[in-house]
$ cat work_13.pdb   # PDB, C-alpha atoms
ATOM      1  CA  MET E   1       0.000   0.000   0.000  1.00  0.00           C
ATOM      2  CA  GLU E   2       1.367   3.379  -0.962  1.00  0.00           C
ATOM      3  CA  HIS E   3       1.012   6.437   1.260  1.00  0.00           C
ATOM      4  CA  ILE E   4       0.553  10.049   0.307  1.00  0.00           C
ATOM      5  CA  LEU E   5       3.695  12.061   0.993  1.00  0.00           C
ATOM      6  CA  LYS E   6       4.415  15.781   1.334  1.00  0.00           C
ATOM      7  CA  CYS E   7       7.528  17.589   0.131  1.00  0.00           C
ATOM      8  CA  LYS E   8       9.409  19.196   3.014  1.00  0.00           C
ATOM      9  CA  GLU E   9      10.623  22.048   0.779  1.00  0.00           C
ATOM     10  CA  CYS E  10       7.791  23.126  -1.540  1.00  0.00           C
ATOM     11  CA  GLY E  11       4.825  21.474   0.254  1.00  0.00           C
ATOM     12  CA  ILE E  12       3.226  19.611  -2.665  1.00  0.00           C
ATOM     13  CA  TYR E  13       1.721  16.127  -2.200  1.00  0.00           C
ATOM     14  CA  SER E  14       2.642  13.016  -4.165  1.00  0.00           C
ATOM     15  CA  ILE E  15       3.058   9.254  -3.780  1.00  0.00           C
ATOM     16  CA  LYS E  16       6.614   9.314  -5.129  1.00  0.00           C
ATOM     17  CA  ASN E  17       9.691   9.209  -2.858  1.00  0.00           C
ATOM     18  CA  LYS E  18      11.255  12.256  -4.546  1.00  0.00           C
ATOM     19  CA  CYS E  19       9.372  15.483  -5.180  1.00  0.00           C
ATOM     20  CA  PRO E  20       8.421  15.752  -8.874  1.00  0.00           C
ATOM     21  CA  LYS E  21       8.711  19.563  -8.704  1.00  0.00           C
ATOM     22  CA  CYS E  22      11.976  20.212  -6.818  1.00  0.00           C
ATOM     23  CA  GLY E  23      13.526  16.732  -6.305  1.00  0.00           C
ATOM     24  CA  CYS E  24      13.651  16.962  -2.489  1.00  0.00           C
ATOM     25  CA  GLU E  25      12.791  14.240   0.007  1.00  0.00           C
ATOM     26  CA  MET E  26       9.110  13.498   0.639  1.00  0.00           C
ATOM     27  CA  LEU E  27       7.782  12.910   4.174  1.00  0.00           C
ATOM     28  CA  ARG E  28       4.584  11.443   5.601  1.00  0.00           C
ATOM     29  CA  PRO E  29       2.395  14.371   6.736  1.00  0.00           C
ATOM     30  CA  MET E  30       0.736  12.427   9.562  1.00  0.00           C
ATOM     31  CA  PRO E  31       1.679  12.588  13.249  1.00  0.00           C
ATOM     32  CA  PRO E  32       3.061   9.437  14.882  1.00  0.00           C
ATOM     33  CA  LYS E  33       0.575   6.948  16.328  1.00  0.00           C
ATOM     34  CA  PHE E  34      -0.547   7.360  19.956  1.00  0.00           C
ATOM     35  CA  SER E  35       1.203   5.107  22.438  1.00  0.00           C
ATOM     36  CA  PRO E  36       0.107   4.664  26.077  1.00  0.00           C
ATOM     37  CA  ASP E  37       3.767   3.930  26.892  1.00  0.00           C
ATOM     38  CA  ASP E  38       4.837   7.388  25.677  1.00  0.00           C
ATOM     39  CA  LYS E  39       7.985   8.277  27.642  1.00  0.00           C
ATOM     40  CA  TYR E  40       7.854  12.003  26.861  1.00  0.00           C
ATOM     41  CA  GLY E  41       4.107  12.702  27.017  1.00  0.00           C
ATOM     42  CA  LYS E  42       4.390  14.157  30.518  1.00  0.00           C
ATOM     43  CA  TYR E  43       6.908  16.746  29.346  1.00  0.00           C
ATOM     44  CA  ARG E  44       4.906  17.657  26.215  1.00  0.00           C
ATOM     45  CA  ARG E  45       1.820  18.260  28.370  1.00  0.00           C
ATOM     46  CA  GLN E  46       3.836  20.446  30.773  1.00  0.00           C
ATOM     47  CA  VAL E  47       5.163  22.604  27.919  1.00  0.00           C
ATOM     48  CA  LYS E  48       1.708  22.896  26.373  1.00  0.00           C
ATOM     49  CA  SER E  49       0.245  23.922  29.737  1.00  0.00           C
ATOM     50  CA  LEU E  50       2.923  26.606  30.190  1.00  0.00           C
ATOM     51  CA  ASP E  51       2.279  27.940  26.677  1.00  0.00           C
ATOM     52  CA  LEU E  52      -1.464  28.145  27.310  1.00  0.00           C
ATOM     53  CA  LYS E  53      -0.853  29.971  30.614  1.00  0.00           C
ATOM     54  CA  LYS E  54       1.417  32.496  28.866  1.00  0.00           C
ATOM     55  CA  GLU E  55      -1.330  33.186  26.321  1.00  0.00           C
ATOM     56  CA  GLY E  56      -3.911  33.563  29.091  1.00  0.00           C
ATOM     57  CA  LEU E  57      -5.997  30.621  27.920  1.00  0.00           C
ATOM     58  CA  LEU E  58      -5.647  28.633  31.152  1.00  0.00           C
TER      59      LEU E  58
END
$ encode --input "work_13.pdb" --output "structure tokens"
Amino acid sequence: MEHILKCKECGIYSIKNKCPKCGCEMLRPMPPKFSPDDKYGKYRRQVKSLDLKKEGLL
């Protein structure tokens, strides 16, 4: 099964490994899958909470 990929330079989508427009590397545009064993989730939530407090949203 092929996945849709996004060029990290020009931002176009394709299913090829190299960008047809600029020839750069293509990346999967999806976030990584959720894992309940996430070692760094605690720290990400702390940073997000601090950012929301700075913006006055919390």
$ resolve_selection --input "work_13.pdb" --expression "the PyMOL selection byres ((chain E and resi 24) around 8)" --output "ChimeraX atom specification"
/E:7-9,18-19,22-23,25-26
$ closest_residue --input "work_13.pdb" --among "E:Leu57, E:Leu27, E:Gln46, E:Asp37" --to "Tyr13 (chain E)" --atoms "all atoms listed in the file"
E:Leu27
$ axis_aligned_box --input "work_13.pdb" --around "region 39-44 of chain E" --padding-each-side "5 Å" --output "JSON"
{"center_x": 6.0, "center_y": 13.0, "center_z": 28.4, "size_x": 13.9, "size_y": 19.4, "size_z": 14.3}
$ residues_near_point --input "work_13.pdb" --point "(6.0, 6.3, 1.6)" --cutoff "8 Å" --atoms "all atoms listed in the file" --output "JSON, numbers by chain"
{"E": [2, 3, 4, 5, 15, 16, 17, 26, 27, 28]}
